[in-house]
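K.L.:
Just entry-v3.pdb, nothing more (PDB, C-alpha atoms):
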```pdb
ATOM      1  CA  ARG S   1       1.675  -2.864   1.893  1.00  0.00           C
ATOM      2  CA  ARG S   2      -1.372  -1.244   0.311  1.00  0.00           C
ATOM      3  CA  ALA S   3      -4.899  -2.319   1.148  1.00  0.00           C
ATOM      4  CA  VAL S   4      -7.643  -2.962  -1.387  1.00  0.00           C
ATOM      5  CA  GLU S   5     -11.381  -2.821  -0.884  1.00  0.00           C
ATOM      6  CA  GLN S   6     -14.019  -4.653  -2.894  1.00  0.00           C
ATOM      7  CA  ARG S   7     -17.587  -5.815  -2.631  1.00  0.00           C
ATOM      8  CA  ARG S   8     -18.172  -8.264   0.187  1.00  0.00           C
ATOM      9  CA  GLN S   9     -20.363 -10.503  -1.928  1.00  0.00           C
ATOM     10  CA  GLU S  10     -17.414 -11.102  -4.266  1.00  0.00           C
ATOM     11  CA  ASP S  11     -14.948 -12.649  -1.823  1.00  0.00           C
ATOM     12  CA  GLY S  12     -15.509 -11.275   1.679  1.00  0.00           C
ATOM     13  CA  ARG S  13     -11.816 -10.600   2.194  1.00  0.00           C
ATOM     14  CA  GLY S  14     -10.454  -7.484   3.561  1.00  0.00           C
ATOM     15  CA  ARG S  15      -2.545  -1.126  -0.752  1.00  0.00           C
ATOM     16  CA  GLY S  16      -6.314  -4.077   0.661  1.00  0.00           C
ATOM     17  CA  LEU S  17      -9.635  -3.900  -1.062  1.00  0.00           C
ATOM     18  CA  VAL S  18     -12.785  -2.567   0.614  1.00  0.00           C
ATOM     19  CA  SER S  19     -16.091  -1.673  -1.005  1.00  0.00           C
ATOM     20  CA  TYR S  20     -19.287   0.080  -0.080  1.00  0.00           C
ATOM     21  CA  THR S  21     -22.088   0.735  -2.544  1.00  0.00           C
ATOM     22  CA  HIS S  22     -21.792   4.517  -2.168  1.00  0.00           C
ATOM     23  CA  LEU S  23     -18.154   4.451  -3.335  1.00  0.00           C
ATOM     24  CA  ASP S  24     -19.261   4.028  -6.930  1.00  0.00           C
ATOM     25  CA  VAL S  25     -19.985   7.731  -7.313  1.00  0.00           C
ATOM     26  CA  TYR S  26     -16.584   8.878  -5.988  1.00  0.00           C
ATOM     27  CA  LYS S  27     -13.025   8.510  -7.219  1.00  0.00           C
ATOM     28  CA  ARG S  28     -11.723   8.755  -3.659  1.00  0.00           C
ATOM     29  CA  GLN S  29     -13.086   7.879  -0.252  1.00  0.00           C
ATOM     30  CA  ILE S  30     -11.899   7.497   3.331  1.00  0.00           C
ATOM     31  CA  HIS S  31     -12.071   4.000   4.778  1.00  0.00           C
ATOM     32  CA  PRO S  32     -13.775   4.521   8.164  1.00  0.00           C
ATOM     33  CA  LYS S  33     -12.044   1.775  10.161  1.00  0.00           C
ATOM     34  CA  THR S  34      -8.471   2.671   9.203  1.00  0.00           C
ATOM     35  CA  GLY S  35      -8.737   6.298   8.127  1.00  0.00           C
ATOM     36  CA  MET S  36      -6.997   5.365   4.867  1.00  0.00           C
ATOM     37  CA  ALA S  37      -7.669   7.330   1.692  1.00  0.00           C
ATOM     38  CA  LEU S  38      -8.856   4.958  -1.046  1.00  0.00           C
ATOM     39  CA  THR S  39      -8.630   5.490  -4.803  1.00  0.00           C
ATOM     40  CA  ARG S  40     -10.879   3.854  -7.391  1.00  0.00           C
ATOM     41  CA  ILE S  41      -9.212   1.809 -10.120  1.00  0.00           C
ATOM     42  CA  PRO S  42     -11.686   1.168 -12.956  1.00  0.00           C
ATOM     43  CA  ALA S  43     -12.241  -2.213 -14.567  1.00  0.00           C
ATOM     44  CA  GLY S  44     -10.540  -2.774 -17.880  1.00  0.00           C
ATOM     45  CA  GLN S  45      -7.408  -3.734 -19.741  1.00  0.00           C
ATOM     46  CA  PHE S  46      -3.899  -2.372 -19.273  1.00  0.00           C
ATOM     47  CA  GLN S  47      -0.353  -3.095 -20.437  1.00  0.00           C
ATOM     48  CA  TYR S  48       1.316  -5.401 -17.908  1.00  0.00           C
ATOM     49  CA  GLY S  49       4.956  -6.234 -17.289  1.00  0.00           C
ATOM     50  CA  PRO S  50       8.120  -5.355 -19.220  1.00  0.00           C
ATOM     51  CA  ASP S  51       6.635  -6.868 -22.385  1.00  0.00           C
ATOM     52  CA  ARG S  52       3.498  -4.713 -22.094  1.00  0.00           C
ATOM     53  CA  LYS S  53       1.208  -7.727 -22.386  1.00  0.00           C
ATOM     54  CA  PRO S  54      -2.558  -7.096 -22.202  1.00  0.00           C
ATOM     55  CA  ALA S  55      -4.002  -7.852 -18.757  1.00  0.00           C
ATOM     56  CA  GLN S  56      -7.455  -7.360 -17.279  1.00  0.00           C
ATOM     57  CA  THR S  57      -8.714  -6.373 -13.839  1.00  0.00           C
ATOM     58  CA  GLU S  58     -12.117  -5.793 -12.340  1.00  0.00           C
ATOM     59  CA  GLU S  59     -12.863  -2.508 -10.592  1.00  0.00           C
ATOM     60  CA  PHE S  60     -11.266  -2.184  -7.175  1.00  0.00           C
ATOM     61  CA  TRP S  61     -10.405   0.430  -4.571  1.00  0.00           C
ATOM     62  CA  ILE S  62      -6.832   0.659  -3.300  1.00  0.00           C
ATOM     63  CA  GLY S  63      -5.071   2.717  -0.666  1.00  0.00           C
ATOM     64  CA  ARG S  64      -3.869   5.964  -2.200  1.00  0.00           C
ATOM     65  CA  TYR S  65      -0.732   5.679  -0.125  1.00  0.00           C
ATOM     66  CA  GLN S  66       1.150   2.986   1.760  1.00  0.00           C
ATOM     67  CA  VAL S  67      -0.234   2.120   5.199  1.00  0.00           C
ATOM     68  CA  THR S  68       1.228   4.583   7.681  1.00  0.00           C
ATOM     69  CA  ASN S  69       2.403   4.013  11.236  1.00  0.00           C
ATOM     70  CA  ALA S  70      -0.609   5.950  12.535  1.00  0.00           C
ATOM     71  CA  GLU S  71      -3.014   3.765  10.515  1.00  0.00           C
ATOM     72  CA  TYR S  72      -1.275   0.560  11.594  1.00  0.00           C
ATOM     73  CA  LYS S  73      -1.552   1.696  15.217  1.00  0.00           C
ATOM     74  CA  ARG S  74      -5.345   1.556  14.932  1.00  0.00           C
ATOM     75  CA  PHE S  75      -4.987  -2.156  14.225  1.00  0.00           C
ATOM     76  CA  LEU S  76      -2.580  -2.647  17.145  1.00  0.00           C
ATOM     77  CA  ASP S  77      -4.807  -0.676  19.538  1.00  0.00           C
ATOM     78  CA  ALA S  78      -7.719  -2.931  18.589  1.00  0.00           C
ATOM     79  CA  ASN S  79      -5.539  -6.019  19.098  1.00  0.00           C
ATOM     80  CA  PRO S  80      -3.460  -5.334  22.230  1.00  0.00           C
ATOM     81  CA  GLN S  81      -1.852  -8.793  22.248  1.00  0.00           C
ATOM     82  CA  TYR S  82      -0.504  -8.452  18.696  1.00  0.00           C
ATOM     83  CA  PRO S  83       3.264  -7.727  18.621  1.00  0.00           C
ATOM     84  CA  VAL S  84       4.472  -4.337  17.438  1.00  0.00           C
ATOM     85  CA  PRO S  85       7.002  -4.011  14.583  1.00  0.00           C
ATOM     86  CA  GLN S  86      10.379  -4.777  16.118  1.00  0.00           C
ATOM     87  CA  VAL S  87      13.587  -6.244  14.698  1.00  0.00           C
ATOM     88  CA  ALA S  88      16.694  -6.846  16.812  1.00  0.00           C
ATOM     89  CA  ALA S  89      19.217  -5.312  14.411  1.00  0.00           C
ATOM     90  CA  ASP S  90      21.147  -2.051  14.287  1.00  0.00           C
ATOM     91  CA  TRP S  91      19.718  -1.114  10.877  1.00  0.00           C
ATOM     92  CA  ALA S  92      16.172  -1.326  12.263  1.00  0.00           C
ATOM     93  CA  ALA S  93      16.744   0.849  15.331  1.00  0.00           C
ATOM     94  CA  ALA S  94      15.241   3.992  13.765  1.00  0.00           C
ATOM     95  CA  TYR S  95      12.030   2.123  12.869  1.00  0.00           C
ATOM     96  CA  ASN S  96      11.451  -0.140  15.876  1.00  0.00           C
ATOM     97  CA  TRP S  97       8.304   0.511  17.870  1.00  0.00           C
ATOM     98  CA  ASP S  98       8.374   0.878  21.664  1.00  0.00           C
ATOM     99  CA  ARG S  99       7.152  -2.473  22.993  1.00  0.00           C
ATOM    100  CA  GLU S 100       6.055  -1.111  26.383  1.00  0.00           C
ATOM    101  CA  ARG S 101       4.188   1.929  25.124  1.00  0.00           C
ATOM    102  CA  ARG S 102       3.218   0.289  21.804  1.00  0.00           C
ATOM    103  CA  GLU S 103       4.112   3.500  20.000  1.00  0.00           C
ATOM    104  CA  TYR S 104       5.762   4.094  16.645  1.00  0.00           C
ATOM    105  CA  PRO S 105       9.028   6.095  16.438  1.00  0.00           C
ATOM    106  CA  HIS S 106       8.703   9.783  17.238  1.00  0.00           C
ATOM    107  CA  GLY S 107       7.908  11.952  14.244  1.00  0.00           C
ATOM    108  CA  LYS S 108       7.005   9.047  11.953  1.00  0.00           C
ATOM    109  CA  ALA S 109       3.196   9.009  12.200  1.00  0.00           C
ATOM    110  CA  ALA S 110       2.811   9.732   8.471  1.00  0.00           C
ATOM    111  CA  HIS S 111       5.676   7.479   7.367  1.00  0.00           C
ATOM    112  CA  PRO S 112       4.853   4.040   5.946  1.00  0.00           C
ATOM    113  CA  VAL S 113       4.931   1.258   8.524  1.00  0.00           C
ATOM    114  CA  VAL S 114       7.950  -1.026   8.041  1.00  0.00           C
ATOM    115  CA  LEU S 115       9.385  -4.162   9.705  1.00  0.00           C
ATOM    116  CA  VAL S 116       6.098  -5.834   8.810  1.00  0.00           C
ATOM    117  CA  ARG S 117       5.991  -9.483   7.718  1.00  0.00           C
ATOM    118  CA  TRP S 118       3.535 -10.775   5.133  1.00  0.00           C
ATOM    119  CA  ALA S 119       1.562 -12.421   7.959  1.00  0.00           C
ATOM    120  CA  ASP S 120       1.330  -9.026   9.700  1.00  0.00           C
ATOM    121  CA  ALA S 121       0.044  -7.415   6.511  1.00  0.00           C
ATOM    122  CA  GLN S 122      -2.570 -10.156   6.223  1.00  0.00           C
ATOM    123  CA  ALA S 123      -3.636  -9.701   9.840  1.00  0.00           C
ATOM    124  CA  PHE S 124      -4.048  -5.949   9.333  1.00  0.00           C
ATOM    125  CA  CYS S 125      -6.177  -6.503   6.233  1.00  0.00           C
ATOM    126  CA  GLU S 126      -8.382  -9.094   7.931  1.00  0.00           C
ATOM    127  CA  TRP S 127      -9.005  -6.718  10.840  1.00  0.00           C
ATOM    128  CA  ALA S 128      -9.799  -3.904   8.412  1.00  0.00           C
ATOM    129  CA  GLU S 129     -12.084  -6.164   6.314  1.00  0.00           C
ATOM    130  CA  MET S 130      -9.816  -5.594   3.358  1.00  0.00           C
ATOM    131  CA  ARG S 131      -7.198  -7.637   1.477  1.00  0.00           C
ATOM    132  CA  LEU S 132      -3.787  -7.234  -0.098  1.00  0.00           C
ATOM    133  CA  ALA S 133      -3.715  -6.265  -3.745  1.00  0.00           C
ATOM    134  CA  THR S 134      -2.588  -8.861  -6.264  1.00  0.00           C
ATOM    135  CA  GLU S 135       0.580  -8.094  -8.197  1.00  0.00           C
ATOM    136  CA  THR S 136      -1.516  -7.392 -11.296  1.00  0.00           C
ATOM    137  CA  GLU S 137      -3.805  -4.996  -9.433  1.00  0.00           C
ATOM    138  CA  TRP S 138      -0.818  -3.250  -7.875  1.00  0.00           C
ATOM    139  CA  GLU S 139       0.831  -2.699 -11.253  1.00  0.00           C
ATOM    140  CA  LYS S 140      -2.334  -1.331 -12.804  1.00  0.00           C
ATOM    141  CA  ALA S 141      -2.740   1.129  -9.935  1.00  0.00           C
ATOM    142  CA  ALA S 142       0.898   2.152 -10.411  1.00  0.00           C
ATOM    143  CA  ARG S 143       1.126   2.259 -14.194  1.00  0.00           C
ATOM    144  CA  GLY S 144      -2.322   3.111 -15.487  1.00  0.00           C
ATOM    145  CA  SER S 145      -3.443   1.715 -18.816  1.00  0.00           C
ATOM    146  CA  ASP S 146      -0.921   3.236 -21.227  1.00  0.00           C
ATOM    147  CA  GLY S 147       2.184   1.135 -20.482  1.00  0.00           C
ATOM    148  CA  ARG S 148       4.291   3.994 -19.119  1.00  0.00           C
ATOM    149  CA  ASP S 149       7.677   3.223 -17.532  1.00  0.00           C
ATOM    150  CA  TYR S 150       6.982   4.917 -14.183  1.00  0.00           C
ATOM    151  CA  PRO S 151       3.878   6.028 -12.277  1.00  0.00           C
ATOM    152  CA  TRP S 152       4.401   9.650 -13.364  1.00  0.00           C
ATOM    153  CA  GLY S 153       5.307   8.902 -16.990  1.00  0.00           C
ATOM    154  CA  ASN S 154       8.508   8.008 -18.822  1.00  0.00           C
ATOM    155  CA  ASP S 155      10.913  10.517 -17.285  1.00  0.00           C
ATOM    156  CA  PRO S 156      13.631   8.905 -15.126  1.00  0.00           C
ATOM    157  CA  PRO S 157      13.271   8.997 -11.322  1.00  0.00           C
ATOM    158  CA  SER S 158      14.435  12.160  -9.589  1.00  0.00           C
ATOM    159  CA  ALA S 159      14.445  13.659  -6.111  1.00  0.00           C
ATOM    160  CA  GLU S 160      11.344  15.663  -7.071  1.00  0.00           C
ATOM    161  CA  LEU S 161       9.335  12.574  -8.083  1.00  0.00           C
ATOM    162  CA  CYS S 162      10.134   9.859  -5.542  1.00  0.00           C
ATOM    163  CA  ASN S 163      12.250   8.765  -2.605  1.00  0.00           C
ATOM    164  CA  CYS S 164      14.688   6.698  -4.632  1.00  0.00           C
ATOM    165  CA  ASP S 165      17.998   8.564  -4.927  1.00  0.00           C
ATOM    166  CA  HIS S 166      19.368   7.714  -1.451  1.00  0.00           C
ATOM    167  CA  ALA S 167      19.391  11.401  -0.556  1.00  0.00           C
ATOM    168  CA  THR S 168      16.669  10.902   2.056  1.00  0.00           C
ATOM    169  CA  LEU S 169      18.478   7.950   3.692  1.00  0.00           C
ATOM    170  CA  GLY S 170      15.290   6.514   5.144  1.00  0.00           C
ATOM    171  CA  THR S 171      11.534   6.538   4.723  1.00  0.00           C
ATOM    172  CA  SER S 172       9.634   9.687   3.849  1.00  0.00           C
ATOM    173  CA  PRO S 173       6.084  10.769   4.762  1.00  0.00           C
ATOM    174  CA  VAL S 174       3.448   9.455   2.374  1.00  0.00           C
ATOM    175  CA  GLY S 175       2.255  12.113  -0.040  1.00  0.00           C
ATOM    176  CA  ARG S 176       5.536  14.004   0.035  1.00  0.00           C
ATOM    177  CA  TYR S 177       5.921  13.561  -3.738  1.00  0.00           C
ATOM    178  CA  SER S 178       2.277  14.132  -4.650  1.00  0.00           C
ATOM    179  CA  PRO S 179       0.936  15.081  -7.061  1.00  0.00           C
ATOM    180  CA  ARG S 180       4.026  15.136  -9.337  1.00  0.00           C
ATOM    181  CA  GLY S 181       5.028  11.564  -8.539  1.00  0.00           C
ATOM    182  CA  ASP S 182       1.517  10.085  -8.529  1.00  0.00           C
ATOM    183  CA  SER S 183       0.201   7.427 -10.873  1.00  0.00           C
ATOM    184  CA  PRO S 184      -2.573   8.186 -13.405  1.00  0.00           C
ATOM    185  CA  TYR S 185      -5.114   7.142 -10.752  1.00  0.00           C
ATOM    186  CA  GLY S 186      -3.599   9.378  -8.081  1.00  0.00           C
ATOM    187  CA  CYS S 187      -1.726   6.709  -6.096  1.00  0.00           C
ATOM    188  CA  GLY S 188       1.468   7.945  -4.449  1.00  0.00           C
ATOM    189  CA  ASP S 189       4.790   6.283  -3.638  1.00  0.00           C
ATOM    190  CA  MET S 190       4.243   3.486  -6.145  1.00  0.00           C
ATOM    191  CA  ALA S 191       7.956   3.905  -6.913  1.00  0.00           C
ATOM    192  CA  GLY S 192      10.423   4.691  -4.144  1.00  0.00           C
ATOM    193  CA  ASN S 193      10.053   4.914  -0.371  1.00  0.00           C
ATOM    194  CA  VAL S 194       9.395   1.282   0.703  1.00  0.00           C
ATOM    195  CA  ALA S 195       8.570  -2.012  -0.993  1.00  0.00           C
ATOM    196  CA  GLU S 196       5.047  -3.420  -0.601  1.00  0.00           C
ATOM    197  CA  TRP S 197       3.613  -6.879  -0.053  1.00  0.00           C
ATOM    198  CA  THR S 198       1.107  -8.292  -2.531  1.00  0.00           C
ATOM    199  CA  SER S 199      -1.090 -11.366  -2.220  1.00  0.00           C
ATOM    200  CA  THR S 200       0.585 -13.025  -5.223  1.00  0.00           C
ATOM    201  CA  ALA S 201       2.728 -16.101  -4.539  1.00  0.00           C
ATOM    202  CA  GLY S 202       6.330 -16.001  -5.742  1.00  0.00           C
ATOM    203  CA  GLU S 203       8.738 -18.781  -6.626  1.00  0.00           C
ATOM    204  CA  GLY S 204       9.459 -21.004  -3.646  1.00  0.00           C
ATOM    205  CA  ASP S 205       7.536 -22.195  -0.620  1.00  0.00           C
ATOM    206  CA  GLY S 206       5.984 -19.304   1.309  1.00  0.00           C
ATOM    207  CA  VAL S 207       7.457 -16.636  -0.991  1.00  0.00           C
ATOM    208  CA  ARG S 208       5.303 -13.613  -1.834  1.00  0.00           C
ATOM    209  CA  VAL S 209       5.805 -10.979  -4.502  1.00  0.00           C
ATOM    210  CA  VAL S 210       6.767  -7.488  -3.360  1.00  0.00           C
ATOM    211  CA  ARG S 211       6.513  -4.401  -5.564  1.00  0.00           C
ATOM    212  CA  GLY S 212       7.670  -0.803  -5.407  1.00  0.00           C
ATOM    213  CA  GLY S 213      10.497   0.423  -3.219  1.00  0.00           C
ATOM    214  CA  ALA S 214      13.715   2.188  -4.107  1.00  0.00           C
TER     215      ALA S 214
END
```
Output the structure of this file as structure tokens.

P.N.:
Amino acid sequence: RRAVEQRRQEDGRGRGLVSYTHLDVYKRQIHPKTGMALTRIPAGQFQYGPDRKPAQTEEFWIGRYQVTNAEYKRFLDANPQYPVPQVAADWAAAYNWDRERREYPHGKAAHPVVLVRWADAQAFCEWAEMRLATETEWEKAARGSDGRDYPWGNDPPSAELCNCDHATLGTSPVGRYSPRGDSPYGCGDMAGNVAEWTSTAGEGDGVRVVRGGA
């Protein structure tokens, strides 16, 4: 999940969009409520999808990295009745939060939050006065405007560029592969690490498009 910030007068919704008038003079800014680093994506056309079709977006600000456990905890601390990420399965044991202490797994403060449903991502964004990125916005932030194959260019994925070779065997801290693995706009982990929710509906009732991941 990546939050995007945009002007309140446009849609009032909150890898979400958030906007303040003073952001226009910066390419990066810290979102005060979440502590997230935001990156500016300029308005304009880019090459979208495998067919490189022209697509257009307005200017928006998107989280430079995936939402971390520490950032998600701000939301949970402000909403003490909201359930923590928890899945009753062996594969999820390393990522389950402590329900009593409402704490994320030890040593994973800077790792992206996982075990999060689309409804949880929406709730986080609403609290933060942000919104989820659309699939089109997400791809532009990941690819830039030149139609490259990967965020970093056209070279194939490697252990130096992203968490996608199964050598890590789990999540990695956000920013670990920056700046080499960043997109043209400076967004990290747009390939590898974990998949991300978007606001775009998929095929089927209640299905939402996810992007990224390994």

K.L.:
Using all atoms listed in the file, which protein or nucleic acid residues come within 10 Å of Pro157 of chain S? Drop anything in the same chain fewer than 5 positions from it, and give the result as a VMD selection string.

P.N.:
chain S and resid 150 to 152 162 to 165 181 191 to 192 214

K.L.:
Just want the 10 Å neighbourhood of Arg64 of chain S, counted on all atoms listed in the file, with same-chain residues fewer than 3 positions away dropped. Output as a list in words.

P.N.:
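So, after excluding close chain neighbours, the residues are Arg2, Ala3, Val4, Arg15, Arg28, Gln29, Ile30, Met36, Ala37, Leu38, Thr39, Arg40, Trp61, Val67, Ala141, Val174, Gly175, Asp182, Ser183, Tyr185, Gly186, Cys187, Gly188, Asp189 and Met190 of chain S.
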
K.L.:
Kindly export the residues of the current selection with C-alpha atoms, as a CSV table (one decimal), in the coordinates of the input.

P.N.:
```
chain,number,residue,atom,x,y,z
S,2,ARG,CA,-1.4,-1.2,0.3
S,3,ALA,CA,-4.9,-2.3,1.1
S,4,VAL,CA,-7.6,-3.0,-1.4
S,15,ARG,CA,-2.5,-1.1,-0.8
S,28,ARG,CA,-11.7,8.8,-3.7
S,29,GLN,CA,-13.1,7.9,-0.3
S,30,ILE,CA,-11.9,7.5,3.3
S,36,MET,CA,-7.0,5.4,4.9
S,37,ALA,CA,-7.7,7.3,1.7
S,38,LEU,CA,-8.9,5.0,-1.0
S,39,THR,CA,-8.6,5.5,-4.8
S,40,ARG,CA,-10.9,3.9,-7.4
S,61,TRP,CA,-10.4,0.4,-4.6
S,67,VAL,CA,-0.2,2.1,5.2
S,141,ALA,CA,-2.7,1.1,-9.9
S,174,VAL,CA,3.4,9.5,2.4
S,175,GLY,CA,2.3,12.1,0.0
S,182,ASP,CA,1.5,10.1,-8.5
S,183,SER,CA,0.2,7.4,-10.9
S,185,TYR,CA,-5.1,7.1,-10.8
S,186,GLY,CA,-3.6,9.4,-8.1
S,187,CYS,CA,-1.7,6.7,-6.1
S,188,GLY,CA,1.5,7.9,-4.4
S,189,ASP,CA,4.8,6.3,-3.6
S,190,MET,CA,4.2,3.5,-6.1
```

K.L.:
Just checking: using all atoms listed in the file, which residue out of S:Glu59, S:Asp120, S:Glu126, S:Glu135 ends up closest to Gly202 of chain S?

P.N.:
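When distances to Gly202 of chain S are compared using all atoms listed in the file, the smallest one comes from S:Glu135.
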
K.L.:
Applied to the shown file, which residues does the PyMOL selection byres ((chain S and resi 92) around 12) return, written as a ChimeraX atom specification?

P.N.:
/S:85-91,93-97,105,114-116,170-171

K.L.:
Nearest to Val207 of chain S: which of S:Trp138, S:Tyr48, S:Phe124, S:Trp118 is it, counting only C-alpha atoms?

P.N.:
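Going through S:Trp138, S:Tyr48, S:Phe124, S:Trp118 one by one, the smallest distance to Val207 of chain S is for S:Trp118.
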
K.L.:
Calculate how many Å separate atom CA of Gly35 of chain S from atom CA of Gly63 of chain S, rounding to one decimal.

P.N.:
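Value for the atom CA of Gly35 of chain S-atom CA of Gly63 of chain S distance: 10.2 Å.
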
K.L.:
Selection in question (the file shown): the PyMOL selection byres ((chain S and resi 43) around 10). Which residues does it include, as a PyMOL selection string?

P.N.:
chain S and resi 40-42+44-46+56-60

K.L.:
Save the residues we just selected, C-alpha atoms, as a CSV table (one decimal), in the coordinates of the input?

P.N.:
```csv
chain,number,residue,atom,x,y,z
S,40,ARG,CA,-10.9,3.9,-7.4
S,41,ILE,CA,-9.2,1.8,-10.1
S,42,PRO,CA,-11.7,1.2,-13.0
S,44,GLY,CA,-10.5,-2.8,-17.9
S,45,GLN,CA,-7.4,-3.7,-19.7
S,46,PHE,CA,-3.9,-2.4,-19.3
S,56,GLN,CA,-7.5,-7.4,-17.3
S,57,THR,CA,-8.7,-6.4,-13.8
S,58,GLU,CA,-12.1,-5.8,-12.3
S,59,GLU,CA,-12.9,-2.5,-10.6
S,60,PHE,CA,-11.3,-2.2,-7.2
```

K.L.:
Using the file's own x, y and z axes, what box holds all listed atoms of segment 193-206 of chain S with 3 Å on each side, keeping edges along x, y and z, and what are its centre and edge lengths in Å to one decimal, as JSON?

P.N.:
```
{"center_x": 4.5, "center_y": -8.6, "center_z": -2.7, "size_x": 17.1, "size_y": 33.1, "size_z": 13.9}
```
